[in-house]
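Heads up, run18.cif below (mmCIF, C-alpha atoms):
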```
data_start
loop_
_atom_site.label_atom_id
_atom_site.label_comp_id
_atom_site.auth_asym_id
_atom_site.auth_seq_id
_atom_site.Cartn_x
_atom_site.Cartn_y
_atom_site.Cartn_z
CA MET W 1 23.75 32.15 -35.87
CA ASN W 2 22.33 32.73 -32.38
CA TYR W 3 18.69 31.98 -31.67
CA HIS W 4 16.58 33.23 -28.79
CA PRO W 5 13.31 31.68 -27.59
CA THR W 6 10.55 34.22 -27.03
CA ILE W 7 7.12 33.89 -25.39
CA THR W 8 4.52 35.64 -27.52
CA ASP W 9 1.42 37.44 -26.24
CA GLN W 10 -0.55 34.31 -27.11
CA GLY W 11 1.78 32.16 -25.02
CA VAL W 12 3.40 30.29 -27.92
CA THR W 13 7.18 29.96 -28.03
CA ARG W 14 8.96 31.05 -31.20
CA THR W 15 12.65 31.21 -32.07
CA ASP W 16 14.19 34.38 -33.52
CA THR W 17 17.63 35.36 -34.74
CA MET W 18 19.64 37.97 -32.88
CA GLN W 19 18.98 40.43 -35.72
CA GLN W 20 15.23 39.88 -35.46
CA CYS W 21 15.35 40.30 -31.68
CA CYS W 22 17.26 43.59 -31.96
CA LYS W 23 14.87 44.91 -34.61
CA ARG W 24 11.83 43.96 -32.52
CA ASP W 25 13.33 45.43 -29.34
CA CYS W 26 14.11 48.73 -31.07
CA GLN W 27 10.60 48.94 -32.47
CA SER W 28 9.17 48.30 -29.00
CA LEU W 29 10.96 51.39 -27.68
CA ARG W 30 9.32 53.79 -30.13
CA PRO W 31 6.96 56.25 -28.38
CA ALA W 32 3.93 55.19 -30.42
CA THR W 33 4.57 51.52 -29.67
CA LEU W 34 5.04 52.17 -25.96
CA ALA W 35 1.82 54.19 -25.82
CA ALA W 36 -0.07 51.37 -27.53
CA LYS W 37 1.30 48.82 -25.06
CA ILE W 38 0.23 50.94 -22.10
CA ALA W 39 -3.23 51.43 -23.57
CA ARG W 40 -3.64 47.73 -24.47
CA PRO W 41 -1.47 45.39 -22.34
CA PRO W 42 -0.73 41.88 -23.64
CA GLN W 43 -3.42 39.31 -22.85
CA PHE W 44 -1.31 36.61 -21.25
CA THR W 45 -3.02 33.49 -19.92
CA ILE W 46 -2.06 32.03 -16.57
CA SER W 47 -0.44 29.04 -18.30
CA CYS W 48 1.34 30.82 -21.12
CA PHE W 49 4.82 29.82 -19.89
CA HIS W 50 3.88 26.15 -19.35
CA MET W 51 2.60 24.72 -22.60
CA LEU W 52 3.57 22.43 -25.44
CA VAL W 53 2.05 22.82 -28.88
CA THR W 54 1.16 20.31 -31.61
CA GLU W 55 -0.41 21.03 -35.00
CA ARG W 56 -3.93 21.57 -33.62
CA LEU W 57 -3.60 21.21 -29.86
CA ILE W 58 -2.07 22.82 -26.81
CA LEU W 59 -1.00 20.63 -23.91
CA ARG W 60 -0.60 22.92 -20.95
CA SER W 61 0.07 22.58 -17.26
CA TYR W 62 -2.82 22.00 -14.87
CA VAL W 63 -4.11 24.90 -12.74
CA GLU W 64 -6.67 24.87 -9.95
CA SER W 65 -9.39 26.41 -12.11
CA ASP W 66 -9.29 23.32 -14.38
CA LEU W 67 -10.97 21.18 -11.71
CA ASP W 68 -14.49 22.18 -12.80
CA ASP W 69 -13.77 21.10 -16.38
CA LEU W 70 -12.12 17.88 -15.22
CA LEU W 71 -15.12 17.05 -13.05
CA ARG W 72 -17.41 17.69 -16.03
CA LEU W 73 -15.23 15.37 -18.12
CA TRP W 74 -15.37 12.54 -15.59
CA ASN W 75 -19.12 12.96 -15.12
CA ASP W 76 -19.82 12.59 -18.83
CA PRO W 77 -21.95 9.43 -19.24
CA LEU W 78 -19.95 8.31 -22.29
CA VAL W 79 -16.55 8.97 -20.72
CA GLN W 80 -16.85 7.63 -17.18
CA PRO W 81 -17.42 3.94 -18.12
CA LEU W 82 -14.19 4.02 -20.15
CA VAL W 83 -11.91 5.42 -17.45
CA THR W 84 -12.81 3.75 -14.15
CA ASN W 85 -13.08 0.31 -12.59
CA ALA W 86 -15.34 1.73 -9.90
CA ASN W 87 -19.10 2.20 -9.95
CA VAL W 88 -20.41 4.52 -12.64
CA THR W 89 -22.11 7.19 -10.57
CA LEU W 90 -22.57 10.92 -10.05
CA LEU W 91 -19.30 12.48 -8.92
CA GLY W 92 -19.61 15.47 -6.61
CA PRO W 93 -17.21 18.26 -5.62
CA ARG W 94 -15.27 15.99 -3.25
CA PHE W 95 -14.02 14.03 -6.27
CA LYS W 96 -12.01 17.10 -7.24
CA GLU W 97 -9.49 16.03 -4.59
CA SER W 98 -8.86 12.81 -6.52
CA LEU W 99 -8.53 14.74 -9.77
CA ARG W 100 -6.12 17.19 -8.18
CA ALA W 101 -3.96 14.36 -6.82
CA GLN W 102 -4.02 12.58 -10.17
CA MET W 103 -2.71 15.61 -12.04
CA GLU W 104 -0.14 16.61 -9.42
CA GLN W 105 1.30 13.11 -9.03
CA ALA W 106 1.71 12.51 -12.77
CA THR W 107 5.22 12.78 -14.18
CA PHE W 108 3.64 14.49 -17.16
CA GLY W 109 0.13 15.82 -16.57
CA ALA W 110 -1.50 18.00 -19.22
CA ILE W 111 -4.75 19.79 -19.83
CA ILE W 112 -5.54 19.42 -23.54
CA VAL W 113 -7.13 22.42 -25.27
CA LEU W 114 -7.97 23.22 -28.87
CA LYS W 115 -5.33 25.61 -30.23
CA GLU W 116 -7.77 27.48 -32.45
CA THR W 117 -10.28 28.37 -29.73
CA GLY W 118 -8.65 27.56 -26.38
CA GLU W 119 -11.59 25.27 -25.60
CA PHE W 120 -11.08 22.57 -22.94
CA MET W 121 -10.91 19.13 -24.56
CA GLY W 122 -9.66 16.76 -21.88
CA GLN W 123 -6.58 15.55 -20.06
CA GLY W 124 -3.52 13.40 -20.67
CA SER W 125 -0.91 11.97 -18.35
CA VAL W 126 2.19 9.83 -18.09
CA THR W 127 3.01 8.45 -14.65
CA ILE W 128 6.30 6.76 -13.78
CA LEU W 129 5.70 4.92 -10.51
CA GLU W 130 9.05 3.08 -10.38
CA PRO W 131 11.79 5.19 -12.01
CA LYS W 132 14.38 2.40 -11.93
CA ASN W 133 12.19 0.29 -14.26
CA ARG W 134 11.70 3.19 -16.71
CA ASP W 135 8.08 2.22 -17.36
CA GLY W 136 5.54 5.01 -17.88
CA THR W 137 1.79 4.49 -17.63
CA LEU W 138 -0.16 6.43 -20.25
CA GLY W 139 -3.66 7.84 -19.85
CA ILE W 140 -5.78 10.11 -22.04
CA CYS W 141 -9.40 11.22 -21.86
CA LEU W 142 -11.29 13.59 -24.18
CA LEU W 143 -14.83 14.91 -24.21
CA PRO W 144 -17.01 12.98 -26.73
CA LYS W 145 -17.48 16.03 -28.99
CA PHE W 146 -13.78 15.74 -29.85
CA TRP W 147 -13.81 12.03 -30.68
CA SER W 148 -13.24 10.73 -34.23
CA ASN W 149 -11.31 13.80 -35.42
CA GLY W 150 -7.77 12.54 -34.89
CA TYR W 151 -7.26 14.67 -31.78
CA GLY W 152 -6.71 11.64 -29.56
CA THR W 153 -4.09 10.28 -31.94
CA GLU W 154 -2.34 13.65 -32.12
CA ALA W 155 -2.20 14.12 -28.35
CA THR W 156 -1.27 10.50 -27.60
CA LYS W 157 1.54 10.43 -30.15
CA PHE W 158 2.96 13.64 -28.73
CA MET W 159 2.95 12.26 -25.17
CA ILE W 160 4.58 9.00 -26.29
CA ASP W 161 7.33 10.80 -28.23
CA HIS W 162 7.92 13.33 -25.46
CA SER W 163 8.17 10.64 -22.79
CA PHE W 164 10.67 8.45 -24.65
CA LYS W 165 12.78 11.47 -25.63
CA TRP W 166 12.82 13.31 -22.31
CA PHE W 167 12.16 10.75 -19.56
CA GLY W 168 14.47 8.03 -20.88
CA LEU W 169 11.74 5.40 -20.75
CA ASN W 170 12.33 1.81 -21.80
CA ARG W 171 8.61 1.12 -22.23
CA MET W 172 5.15 2.65 -21.95
CA SER W 173 2.14 0.77 -20.61
CA LEU W 174 -1.61 1.34 -20.52
CA GLY W 175 -4.86 -0.33 -19.60
CA VAL W 176 -8.03 -0.39 -21.69
CA PHE W 177 -11.37 -2.20 -21.56
CA ALA W 178 -11.97 -4.81 -24.25
CA HIS W 179 -15.10 -3.13 -25.63
CA ASN W 180 -13.27 0.16 -26.29
CA ALA W 181 -12.46 -0.66 -29.91
CA ARG W 182 -11.75 2.97 -30.87
CA ALA W 183 -9.02 3.33 -28.26
CA ILE W 184 -7.49 -0.08 -29.01
CA ALA W 185 -7.23 0.77 -32.71
CA LEU W 186 -5.57 4.10 -31.85
CA TYR W 187 -2.99 2.46 -29.57
CA GLU W 188 -2.19 -0.27 -32.11
CA LYS W 189 -1.76 2.40 -34.80
CA LEU W 190 0.86 4.09 -32.62
CA GLY W 191 2.77 0.85 -32.02
CA PHE W 192 1.31 -0.62 -28.83
CA VAL W 193 0.91 -4.40 -28.72
CA MET W 194 -1.46 -6.50 -26.63
CA GLU W 195 0.32 -7.90 -23.58
CA GLY W 196 -2.39 -9.29 -21.34
CA ARG W 197 -6.09 -9.93 -20.81
CA LYS W 198 -7.74 -10.15 -17.41
CA ARG W 199 -10.99 -11.95 -18.15
CA GLN W 200 -14.28 -10.80 -16.63
CA ALA W 201 -12.42 -8.20 -14.58
CA VAL W 202 -15.02 -5.43 -14.39
CA TRP W 203 -18.81 -5.50 -13.95
CA MET W 204 -20.10 -2.99 -16.47
CA ASP W 205 -23.55 -2.29 -17.94
CA ASN W 206 -25.03 -5.60 -16.71
CA ARG W 207 -22.18 -7.73 -18.05
CA TRP W 208 -18.61 -8.75 -17.31
CA GLU W 209 -15.88 -6.92 -19.20
CA ASP W 210 -12.28 -8.00 -19.87
CA ALA W 211 -9.47 -5.61 -18.93
CA LEU W 212 -6.54 -5.47 -21.36
CA THR W 213 -2.96 -4.32 -20.93
CA MET W 214 -0.90 -2.97 -23.82
CA GLY W 215 2.67 -1.74 -24.13
CA ILE W 216 5.34 -0.39 -26.45
CA LEU W 217 9.09 -0.83 -25.96
CA ARG W 218 11.73 1.78 -26.73
CA ASP W 219 13.16 -0.16 -29.69
CA GLU W 220 9.64 -0.57 -31.12
CA TRP W 221 9.04 3.17 -30.74
CA GLU W 222 12.40 3.93 -32.41
CA LYS W 223 11.46 1.82 -35.43
CA LYS W 224 8.25 3.85 -35.78
CA GLN W 225 10.37 7.01 -36.03
CA GLN W 226 12.32 5.77 -39.07
#
```
Target format structure tokens, applied to this file:
Amino acid sequence: MNYHPTITDQGVTRTDTMQQCCKRDCQSLRPATLAAKIARPPQFTISCFHMLVTERLILRSYVESDLDDLLRLWNDPLVQPLVTNANVTLLGPRFKESLRAQMEQATFGAIIVLKETGEFMGQGSVTILEPKNRDGTLGICLLPKFWSNGYGTEATKFMIDHSFKWFGLNRMSLGVFAHNARAIALYEKLGFVMEGRKRQAVWMDNRWEDALTMGILRDEWEKKQQ
């Protein structure tokens, strides 16, 4: 049986049989249907052809208009201390250049939105700096209102699975601060193991903070799939 991928008006890909495609195409040629389409054109979004869908989330390609939301994310007082080694400070419009470069240079860079509402949630990325070593660096960042609902786990697991399946990685790596217990628990749940600790690496909130490195190998990821 032949199957044909179709982009719906909402931008979600579905797969139909040839019979279903023919039936739908014939219906679309009826005068009443054509008149309705002219009167009310489909409401496509700019990213409708560049998205991946999980149970509750959409991971879509970055567009220029996302920079305002990304700047808001990085300026959040709960988020910024978790994602930077630099000073925690007010980030102005010039920082958008760094955000743009970050998204464009990632091997896999996604804007994460809530499927139900289309609301901006955060960003995720996998960056492969040295392709010959097949090591991808994972990063994810969500607005605090979306914490503790399993969204981070859902998005992170998708990016891990996608990267091993499609980029041929041998391992994935990440960095996390020692006080970020929520993130560490999430990564360990998904199979990451602790690989290193750089003691007193970052001055943060009037104290020294350790910086941790974690990783998961392909064979460890494969065992999690069984």
Kindly give the distance, in Å, that separates atom CA of W:Ile216 and atom CA of W:Gln123, rounded to a single decimal.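 Going from atom CA of W:Ile216 over to atom CA of W:Gln123 covers 20.9 Å.
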What does the structure give for the distance between atom CA of W:Glu64 and atom CA of W:Glu119, in Å to one decimal?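 Going from atom CA of W:Glu64 over to atom CA of W:Glu119 covers 16.4 Å.
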Exactly which residues make up the result of the PyMOL selection byres ((chain W and resi 112-115) around 7) on this file, given as an NGL selection string? :W and (56-60 or 110-111 or 116-124)
For the selection just defined, write its residues with C-alpha atoms to a file, as a PDB file, in the frame of the given file.
```pdb
ATOM      1  CA  ARG W  56      -3.930  21.570 -33.620  1.00  0.00           C
ATOM      2  CA  LEU W  57      -3.600  21.210 -29.860  1.00  0.00           C
ATOM      3  CA  ILE W  58      -2.070  22.820 -26.810  1.00  0.00           C
ATOM      4  CA  LEU W  59      -1.000  20.630 -23.910  1.00  0.00           C
ATOM      5  CA  ARG W  60      -0.600  22.920 -20.950  1.00  0.00           C
ATOM      6  CA  ALA W 110      -1.500  18.000 -19.220  1.00  0.00           C
ATOM      7  CA  ILE W 111      -4.750  19.790 -19.830  1.00  0.00           C
ATOM      8  CA  GLU W 116      -7.770  27.480 -32.450  1.00  0.00           C
ATOM      9  CA  THR W 117     -10.280  28.370 -29.730  1.00  0.00           C
ATOM     10  CA  GLY W 118      -8.650  27.560 -26.380  1.00  0.00           C
ATOM     11  CA  GLU W 119     -11.590  25.270 -25.600  1.00  0.00           C
ATOM     12  CA  PHE W 120     -11.080  22.570 -22.940  1.00  0.00           C
ATOM     13  CA  MET W 121     -10.910  19.130 -24.560  1.00  0.00           C
ATOM     14  CA  GLY W 122      -9.660  16.760 -21.880  1.00  0.00           C
ATOM     15  CA  GLN W 123      -6.580  15.550 -20.060  1.00  0.00           C
ATOM     16  CA  GLY W 124      -3.520  13.400 -20.670  1.00  0.00           C
TER      17      GLY W 124
END
```
What gap, in Å, lies between atom CA of W:Met214 and atom CA of W:Glu195?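 Those two atoms sit 5.1 Å apart.
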Residue nearest W:Thr153 among W:Leu174, W:Arg134, W:Ala183, W:Phe167 (counting all atoms listed in the file): W:Ala183
List, as a list in words, every residue that the PyMOL selection byres ((chain W and resi 187) around 10) selects in the file provided. Gly152, Thr153, Thr156, Lys157, Leu174, Val176, Ala181, Arg182, Ala183, Ile184, Ala185, Leu186, Glu188, Lys189, Leu190, Gly191, Phe192, Val193, Met194, Met214, Gly215 and Ile216 of chain W
So that I have them on file, write out the residues from the current selection with C-alpha atoms, as a short mmCIF file (atom, residue, chain, number, x, y, z; two decimals), in the coordinates of the input.
```cif
data_model
loop_
_atom_site.label_atom_id
_atom_site.label_comp_id
_atom_site.auth_asym_id
_atom_site.auth_seq_id
_atom_site.Cartn_x
_atom_site.Cartn_y
_atom_site.Cartn_z
CA GLY W 152 -6.71 11.64 -29.56
CA THR W 153 -4.09 10.28 -31.94
CA THR W 156 -1.27 10.50 -27.60
CA LYS W 157 1.54 10.43 -30.15
CA LEU W 174 -1.61 1.34 -20.52
CA VAL W 176 -8.03 -0.39 -21.69
CA ALA W 181 -12.46 -0.66 -29.91
CA ARG W 182 -11.75 2.97 -30.87
CA ALA W 183 -9.02 3.33 -28.26
CA ILE W 184 -7.49 -0.08 -29.01
CA ALA W 185 -7.23 0.77 -32.71
CA LEU W 186 -5.57 4.10 -31.85
CA GLU W 188 -2.19 -0.27 -32.11
CA LYS W 189 -1.76 2.40 -34.80
CA LEU W 190 0.86 4.09 -32.62
CA GLY W 191 2.77 0.85 -32.02
CA PHE W 192 1.31 -0.62 -28.83
CA VAL W 193 0.91 -4.40 -28.72
CA MET W 194 -1.46 -6.50 -26.63
CA MET W 214 -0.90 -2.97 -23.82
CA GLY W 215 2.67 -1.74 -24.13
CA ILE W 216 5.34 -0.39 -26.45
#
```
Taking (-21.4, 12.9, -15.0) in the file's coordinates as the center, which residues reach within 12 Å of it, counting all atoms listed in the file, put as a VMD selection string? chain W and resid 68 to 81 88 to 93 95 143
Just want the 12 Å neighbourhood of W:Arg199, counted on only C-alpha atoms, with same-chain residues fewer than 4 positions away dropped. Output as a PyMOL selection string. chain W and resi 177-178+203+207-213
Write a file of the selected residues as a PDB file, keeping the file's coordinate frame, keeping C-alpha atoms.
```
ATOM      1  CA  PHE W 177     -11.370  -2.200 -21.560  1.00  0.00           C
ATOM      2  CA  ALA W 178     -11.970  -4.810 -24.250  1.00  0.00           C
ATOM      3  CA  TRP W 203     -18.810  -5.500 -13.950  1.00  0.00           C
ATOM      4  CA  ARG W 207     -22.180  -7.730 -18.050  1.00  0.00           C
ATOM      5  CA  TRP W 208     -18.610  -8.750 -17.310  1.00  0.00           C
ATOM      6  CA  GLU W 209     -15.880  -6.920 -19.200  1.00  0.00           C
ATOM      7  CA  ASP W 210     -12.280  -8.000 -19.870  1.00  0.00           C
ATOM      8  CA  ALA W 211      -9.470  -5.610 -18.930  1.00  0.00           C
ATOM      9  CA  LEU W 212      -6.540  -5.470 -21.360  1.00  0.00           C
ATOM     10  CA  THR W 213      -2.960  -4.320 -20.930  1.00  0.00           C
TER      11      THR W 213
END
```
When the PyMOL selection byres ((chain W and resi 108) around 6) is applied to the file above, which residues end up in the set, as a list of chain:residue names?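 With the shown file as input, the PyMOL selection byres ((chain W and resi 108) around 6) matches W:Ala106, W:Thr107, W:Gly109, W:Ser125, W:Val126.
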Can you sort out the box for stretch 120-125 of chain W, edges along x, y and z, all listed atoms in, 5 Å on every side, with centre and edge lengths in Å to one decimal, as AutoDock Vina command-line options?
```
--center_x -6.0 --center_y 17.3 --center_z -21.5 --size_x 20.2 --size_y 20.6 --size_z 16.2
```
Can you list every residue of stretch 142-198 of chain W that has an atom at most 8 Å from stretch 217-226 of chain W, with its nearest atom pair and the distance in Å to one decimal, using only C-alpha atoms, ordered by chain then number, as CSV?
```
residue,atom,partner,partner_atom,distance
W:Phe164,CA,W:Arg218,CA,7.1
W:Leu169,CA,W:Arg218,CA,7.0
W:Asn170,CA,W:Arg218,CA,5.0
W:Arg171,CA,W:Leu217,CA,4.2
W:Met172,CA,W:Leu217,CA,6.6
W:Gly191,CA,W:Trp221,CA,6.8
```
